[in-house]
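Notes for the one structure printed next.
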Amino acid sequence: MPAVAETLETVESLARSGYKFGFETTIDMDVAPKGLTEDTIRLISARKGEPAWLLDWRFAAFAAWRKMEEPRWARVHHTPIDYQDIHYYAAPKAKAGPASLDEVDPELLATYEKLGIPLKERAILAGVQGANVAVDAVFDSVSVATTFRATLAKSGVIFCPISEAVREHPDLVRQYLGTVVPVADNFFSALNSAVFTDGSFVYIPPGVRCPMELSTYFRINARNTGQFERTLIIADAGAQVSYLEGCTAPQRDENQLHAAVVELIALDDAKIKYSTVQNWYPGDAEGRGGIYNFVTKRGLCRGARSRISWTQVETGSAITWKYPSCVLEGDGSVGEFYSVAMTNHMQQADTGTKMIHIGRDTRSTIVSKGISAGKSDNTYRGLVRIGPRASGARNHTQCDSLLIGDRCGAHTVPYIESRNPSAKVEHEATTSKISEDQMFYCRARGLSQEDAVGLIVNGFCKEVLKELPMEFAVEAQKLLAVSLEGSVG
Amino acid sequence: MLEISGLAASVEGTPILRGIDLVVPSGEVHAIMGPNGSGKSTLSYVLAGREDYTVTAGSVRFDGADLLAMEPEMRAAAGVFLAFQAPVELPGVNNANFLRTALNAIRRARGEPELDAVQFLKLARAQSKALAMPEDMLKRNVNVGFSGGEKKRNEVLQMALLRPRLAILDETDSGLDIDALRIVADGVNALRRPEFSALVITHHQRLLERLVPDRVHVLAGGRILRSGGPELARELETRGYGAITAAAA
Ligand SMILES: Nc1ncnc2c1ncn2[C@@H]1O[C@H](COP(=O)(O)OP(=O)(O)OP(=O)(O)O)[C@@H](O)[C@H]1O
Ligand SMILES: [Mg+2]
């Protein structure tokens with residue numbers, strides 16, 4: 001049998017048991033009844049102890065959402081989603097917001113330990129876990145723990161659950177919430193605005209370089225529950241922050257909805273680096289189950305010379321619909337998008353970015369690496385728009401697809417709109433396959449088929465992986481190997 | 001010891017090898033010569049385990065084990081190394097990383113401890129130096145943008161690092177400058193030991209002068225038509241294959 005075909009078979013047989021994070025945590029939950037009405041929204045808002053302005057904001061979003069329809073332009077297919085058949089709130093039963101890590105339910109701590117997420121500050125400080133990362137852990141609809149808050153507070157950095165920020169820092173939240181992704185931006189952002197539950201809030205004061213990496217770890221656990229997280233990151237003038245996001249979910253036969261909104265704001269000379277390793281449960285080999293990942297992520301480079309950089313490694317989810325974008329408003333601001341999207345079996349990904357050049361001398365870079373295996377479908381969709389004021393704007397797009405086997409699909413859909421003649425926009429695209437020759441060459445040197453595919457795929461993604469913070473890059477490499485081969489690394 | 005008997009193989013239904021008998025005892029270096037298209041590379045691929053080559057008859061034993069029953073990576077672990085006539089490019093894959101992965105896979109299979117990046121680089125640098133190869137070859141992507149000669153040198157470097165027990169060199173000397181030719185010969189000679197054997201496919205007497213094979217075989221039309229000592233290579237150099245193939249026809 002030709003090596004590639006055999007590899008695919010190995011991949012398939014192993015992948016059935018390949019998802020390492022498919023376990024479920026048994027814990028007492030406070031769950032809202034299924035369905036979405038104004039009462040649901042009232043319940044969420046009440047559970048979070050929100051002020052009236054936010055409840056009104058949610059109602060406005062809900063009203064807008066009811067008039068909207070699901071987008072149909074993406075190259076993805078799924079059976080209709082019954083929005084009344086979902087729980088919109090699920091939280092582990094506990095004292096609302098544990099005051100310290102010692103009070104976090106041991107069952108939850110165990111869950112995060114199993115996921116490899118360090119929630120114990122002392123262990124990290126003692127160098128046991130190595131990484132210097134502060135973590136906000138979001139379990140279904142609530143944040144269950146945020147580490148290193150005291151350390152961060154010393155430099156004036158605010159890092160907390162957004163529900164807490166609404167109470168503790170209402171002016172900041174009110175000033176920025178919904179300014180980058182307006183409530184009615186799209187169907188899923190409107191839904192999120194109406195029912196969002198938790199997520200992280202970050203504020204870096206002027207001139208401060210955040211002393212450690214910040215990260216949020218999202219875990220969907222409850223059955224039939226949607227996760228609607230909301231993240232808001234503000235880097236004030238001259239501030240810098242690197243933020244990481246990871247996600248997993250149990251292995252189940254039914255689909256679950258994840259519709260997040262992430263907003264980033266960079267003022268003058270500020271820098272935000274946002275990295276994602278997305279590993280939601282992808283469904284099984286036949287396409288049963290898996291997360292519908294319908295996410296709106298956008299960064300606003302509001303200040304001059306500000307910089308926002310998105311790096312994503314997308315290996316999970318049954319369907320990914322996601323376009324982390326940059327609005328380059330400040331003169332000389334820079335937007336970057338580095339993406340690896342890998343699909344296997346029946347997974348579908350329609351992902352890419354938008355670079356909206358508004359200010360003068362704005363620059364953007366797009367590097368997209370799509371890997372398709374099995375019967376999956378992988379689309380890059382990207383928009384580069386140069387506005388009339390954006391003199392001297394530059395964009396470079398590099399879009400590469402790698403096919404493994406001949407039952408998968410790869411598509412590239414670039415949109416370029418330039419309204420300024422001095423702008424330069426470059427687009428390059430390639431499609432390649434892992435050849436029998438490459439496989440044989442590697443195997444003749446002693447590499448197993450899994451190692452060979454892993455090596456070639458990692459080589460293909462190198463430009464993107466090197467943008468990730470170190471610990472994440474290693475994790476991402478392993479994840480790519482696992483998602484392709486199923487052999488747990 | 002490599003024992004090939006009655007080996008026949010076809011590619012996409014076309015028979016290429018038509019009954020090959022060949023024994024390479026441990027410690028010996030044998031050369032295979034023969035006209036273009038006679039099946040030399042096919043033989044090397046079949047020995048290394050390329051799957052689109054179908055073995056239709058015969059057997060191959062390597063140290064008594066049934067080589068044909070093994071996956072390519074198992075053969076590599078057992079000590080078989082093929083220096084490709086046309087080495088393959090692996091874009092984005094760092095040469096040092098590739099070599100270390102290969103070496104560690106083989107070490108693992110042999111039950112030896114793996115080498116970490118630092119240990120490996122020390123070894124690889126020493127090897128490149130011994131073979132007079134530029135060190136930057138380790139930093140580049142596997143064979144990508146390598147010149148023809150550089151690709152062949154890279155094969156020799158891999159061989160030196162993996163230290164096979166059976167090295168099959170498929171025209172590793174073709175396209176090499178005079179210095180590089182010496183590198184190939186030195187590379188093989190450095191591996192010579194009682195438990196090492198080599199099958200050197202070449203069109204040129206020049207390499208064999210430095211390597212001094214124990215036996216020389218002429219492969220034509222998928223069969224070994226003649227075998228002899230090193231003098232056979234000299235004879236072929238002056239007289240060509242005409243007499244041998246005509247006699248067989
Ligand atoms: N995939 C293939 N399909 C059909 N014929 C093939 C295929 N691969 C090789 N052949 C044929 O098999 C024969 C032997 O090829 P092989 O590469 O083994 O020759 P060789 O002796 O190595 O020649 P050279 O000295 O030119 O390297 C040739 O006639 C070649 O065209
Ligand atoms: Mg050949």
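Following the order of the structure tokens, first chain is A, next is B, and so on, with residues numbered from 1 inside each chain and ligands from 1 in the order they appear.
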| message | Give me, as an MDAnalysis selection string, the residues of stretch 13-213 of chain B that a backbone DSSP run labels alpha helix (DSSP H). | response | chainID B and resid 40:48 72:78 95:109 117:130 136:139 148:162 178:191 205:211
| task | Please run DSSP on the backbone and report, as a ChimeraX atom specification, all residues within stretch 173-215 of chain B that come out as strand (DSSP E). | result | /B:197-201,215
Print the selection's residues with N, CA, C and O atoms to a file, as a CSV table (one decimal), in the first residue's frame.
```
chain,number,residue,atom,x,y,z
B,197,SER,N,28.9,-4.0,5.6
B,197,SER,CA,29.1,-4.3,4.2
B,197,SER,C,28.4,-3.2,3.4
B,197,SER,O,27.6,-2.4,3.9
B,198,ALA,N,28.8,-3.1,2.1
B,198,ALA,CA,28.3,-2.0,1.3
B,198,ALA,C,28.0,-2.5,-0.1
B,198,ALA,O,28.7,-3.4,-0.6
B,199,LEU,N,27.0,-1.9,-0.7
B,199,LEU,CA,26.7,-2.1,-2.1
B,199,LEU,C,26.8,-0.8,-2.8
B,199,LEU,O,26.0,0.1,-2.5
B,200,VAL,N,27.8,-0.7,-3.7
B,200,VAL,CA,28.0,0.7,-4.2
B,200,VAL,C,27.7,0.7,-5.7
B,200,VAL,O,28.3,0.0,-6.5
B,201,ILE,N,26.6,1.4,-6.0
B,201,ILE,CA,26.2,1.5,-7.4
B,201,ILE,C,26.9,2.7,-8.1
B,201,ILE,O,26.9,3.8,-7.5
B,215,ARG,N,34.1,-7.2,-4.8
B,215,ARG,CA,33.5,-7.8,-6.0
B,215,ARG,C,32.9,-6.7,-6.8
B,215,ARG,O,32.4,-5.7,-6.3
```
| Contacts to ligand 1 at 9 Å cut-off (only C-alpha atoms and all ligand atoms) as a PyMOL selection string | chain B and resi 10-17+33-45+52-53+85+170-171+201-203+219-222
Can I get the selected residues back with C-alpha atoms, as a compact mmCIF listing (two decimals), in the first residue's frame?
```txt
# COMPACT_ATOMS: atom_id res chain seq x y z
CA SER B 10 7.97 -4.98 -10.99
CA VAL B 11 6.82 -1.39 -11.02
CA GLU B 12 3.27 -0.59 -12.01
CA GLY B 13 3.00 -4.02 -13.61
CA THR B 14 6.25 -3.77 -15.58
CA PRO B 15 8.83 -6.38 -14.56
CA ILE B 16 12.17 -4.67 -13.88
CA LEU B 17 14.21 -7.11 -11.83
CA MET B 33 27.62 -1.34 -12.48
CA GLY B 34 25.36 -1.48 -15.47
CA PRO B 35 23.74 0.50 -18.27
CA ASN B 36 21.12 3.17 -17.64
CA GLY B 37 17.70 1.71 -16.96
CA SER B 38 19.06 -1.73 -16.09
CA GLY B 39 17.39 -1.80 -12.67
CA LYS B 40 20.14 -0.66 -10.28
CA SER B 41 18.03 1.96 -8.51
CA THR B 42 15.09 -0.41 -8.51
CA LEU B 43 17.20 -2.95 -6.66
CA SER B 44 18.24 -0.35 -4.11
CA TYR B 45 14.63 0.75 -3.57
CA ASP B 52 5.34 0.95 -5.00
CA TYR B 53 7.88 -1.68 -6.06
CA GLN B 85 20.37 8.67 -6.30
CA ASP B 170 23.13 4.69 -5.48
CA GLU B 171 25.41 6.75 -7.71
CA ILE B 201 26.20 1.49 -7.44
CA THR B 202 28.35 3.51 -9.78
CA HIS B 203 29.11 4.28 -13.39
CA LEU B 219 23.50 -5.63 -13.81
CA ALA B 220 21.72 -5.42 -17.16
CA GLY B 221 18.12 -6.05 -18.12
CA GLY B 222 17.24 -6.83 -14.52
```
| field | Shell around B:Asn94 at 9 Å using only C-alpha atoms, local window under 4 positions removed, as a list in words | value |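 Those residues are Gly459 of chain A; Leu90, Phe98, Leu99, Leu138, Lys139, Arg140, Asn141 and Val142 of chain B.
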| remark: Residue with the minimum atom-to-atom distance to ligand 2, picked from B:Gly228, B:Pro87, B:Gly242, B:Gly149 with only C-alpha atoms and all ligand atoms counted, is B:Pro87
| task | Have a look at B:Phe84, B:Leu232, B:Glu195, B:Ile106 and name the one nearest to ligand 2; count only C-alpha atoms and all ligand atoms. | result |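 Of all the options, B:Phe84 lies closest to ligand 2.
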| field | Near-A:Thr79 list (12 Å; only C-alpha atoms; drop same-chain fewer than 4 positions) as number ranges by chain | value | A: 254-255, 288-289, 292, 319
Take the residues from that selection and write them out as a short mmCIF file (atom, residue, chain, number, x, y, z; two decimals), in the first residue's frame, keeping N, CA and C atoms.
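Result written to again_9.cif:
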```
data_model
loop_
_atom_site.label_atom_id
_atom_site.label_comp_id
_atom_site.auth_asym_id
_atom_site.auth_seq_id
_atom_site.Cartn_x
_atom_site.Cartn_y
_atom_site.Cartn_z
N GLU A 254 -22.96 14.91 20.65
CA GLU A 254 -23.70 16.04 20.11
C GLU A 254 -22.79 17.25 19.95
N ASN A 255 -23.20 18.19 19.13
CA ASN A 255 -22.40 19.37 18.90
C ASN A 255 -22.65 20.40 19.98
N ARG A 288 -19.26 12.88 14.04
CA ARG A 288 -20.24 13.00 15.12
C ARG A 288 -19.67 13.86 16.24
N GLY A 289 -20.46 14.79 16.68
CA GLY A 289 -20.04 15.60 17.83
C GLY A 289 -19.01 16.66 17.45
N TYR A 292 -18.85 23.67 17.66
CA TYR A 292 -19.01 24.69 16.63
C TYR A 292 -18.36 25.94 17.18
N ILE A 319 -16.37 22.60 13.53
CA ILE A 319 -16.41 23.71 12.58
C ILE A 319 -15.73 24.92 13.20
#
```
| task | Counting only C-alpha atoms, collect the residues of chain B whose closest atom lies at most 6 Å from chain A, and write them out as a count of residues only. | result | 10
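Among the candidates B:Ala86, B:Met159, B:Leu166, B:Met133, the one nearest to ligand 2 when counting only C-alpha atoms and all ligand atoms is B:Ala86.
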| field | Within 12 Å of B:Ala185 using only C-alpha atoms, minus same-chain residues under 4 positions, as a PyMOL selection string | value | chain B and resi 29+131+153+156+160+169+172-173+176+178-181+189-192+198+200+202+206-213
| message | Env of A:Thr216: 9 Å cut, atoms = only C-alpha atoms, seq-sep filter 6 positions within chain, self excluded. Answer as a PyMOL selection string. | response | chain A and resi 134-138+146+199-200+243-247
For the residues in the current selection, export N, CA and C atoms as an mmCIF file, in the first residue's frame.
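The result, stored in again_28.cif:
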```cif
data_model
loop_
_atom_site.group_PDB
_atom_site.id
_atom_site.type_symbol
_atom_site.label_atom_id
_atom_site.label_comp_id
_atom_site.auth_asym_id
_atom_site.auth_seq_id
_atom_site.Cartn_x
_atom_site.Cartn_y
_atom_site.Cartn_z
ATOM 1 N N ALA A 134 0.568 33.832 34.141
ATOM 2 C CA ALA A 134 -0.611 33.983 34.986
ATOM 3 C C ALA A 134 -1.808 33.421 34.237
ATOM 4 N N VAL A 135 -2.667 32.684 34.943
ATOM 5 C CA VAL A 135 -3.754 31.981 34.269
ATOM 6 C C VAL A 135 -5.115 32.413 34.809
ATOM 7 N N ASP A 136 -6.052 32.651 33.894
ATOM 8 C CA ASP A 136 -7.455 32.796 34.269
ATOM 9 C C ASP A 136 -8.144 31.550 33.731
ATOM 10 N N ALA A 137 -8.765 30.779 34.627
ATOM 11 C CA ALA A 137 -9.370 29.519 34.200
ATOM 12 C C ALA A 137 -10.882 29.678 34.126
ATOM 13 N N VAL A 138 -11.428 29.537 32.935
ATOM 14 C CA VAL A 138 -12.868 29.675 32.750
ATOM 15 C C VAL A 138 -13.475 28.296 32.520
ATOM 16 N N THR A 146 -8.023 32.823 39.044
ATOM 17 C CA THR A 146 -7.088 33.668 38.311
ATOM 18 C C THR A 146 -5.832 33.752 39.158
ATOM 19 N N GLY A 199 -15.011 35.441 30.844
ATOM 20 C CA GLY A 199 -13.886 35.641 29.960
ATOM 21 C C GLY A 199 -12.936 36.511 30.733
ATOM 22 N N SER A 200 -11.882 36.984 30.082
ATOM 23 C CA SER A 200 -10.878 37.729 30.833
ATOM 24 C C SER A 200 -10.898 39.208 30.486
ATOM 25 N N TYR A 243 -0.510 37.644 25.462
ATOM 26 C CA TYR A 243 -1.653 36.947 26.034
ATOM 27 C C TYR A 243 -1.865 35.641 25.286
ATOM 28 N N LEU A 244 -2.120 34.583 26.043
ATOM 29 C CA LEU A 244 -2.302 33.267 25.419
ATOM 30 C C LEU A 244 -3.663 32.710 25.760
ATOM 31 N N GLU A 245 -4.207 31.955 24.856
ATOM 32 C CA GLU A 245 -5.527 31.389 25.084
ATOM 33 C C GLU A 245 -5.535 29.923 24.668
ATOM 34 N N GLY A 246 -6.085 29.082 25.543
ATOM 35 C CA GLY A 246 -6.171 27.661 25.203
ATOM 36 C C GLY A 246 -7.572 27.148 25.468
ATOM 37 N N CYS A 247 -7.981 26.126 24.764
ATOM 38 C CA CYS A 247 -9.350 25.636 24.920
ATOM 39 C C CYS A 247 -9.468 24.134 24.693
#
```
| message | With only C-alpha atoms as the counted atoms, please give the residues lying no more than 9 Å from B:Leu47, apart from itself and same-chain residues fewer than 6 positions off, as a list in words. | response |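 Residues meeting the cut-off are Val60, Leu67, Leu68, Pro72, Arg75, Val80, Leu82 and Ile168 of chain B.
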| field | Interatomic distance (Å, one decimal) between atom CA of A:Leu257 and atom CA of A:Gly290 | value |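 It comes out at 8.9 Å.
Restricting the calculation to only C-alpha atoms and all ligand atoms, the smallest distance between ligand 2 and any of B:Asn154, B:Ile32, B:Ser128, B:Asp177 is found for B:Ile32.
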| Counting only C-alpha atoms and all ligand atoms, which of B:Gln158, B:Ser5, B:Asn97, B:Ser174 gets nearest to ligand 2? | B:Ser174
| task | Kindly give the distance, in Å, that separates atom CA of A:His258 and atom CA of A:Tyr83, rounded to a single decimal. | result | 12.2 Å
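Closest approach to ligand 2 from the set B:Ala78, B:Ala83, B:Met1, B:Leu236 is made by B:Ala83, with distances taken over only C-alpha atoms and all ligand atoms.
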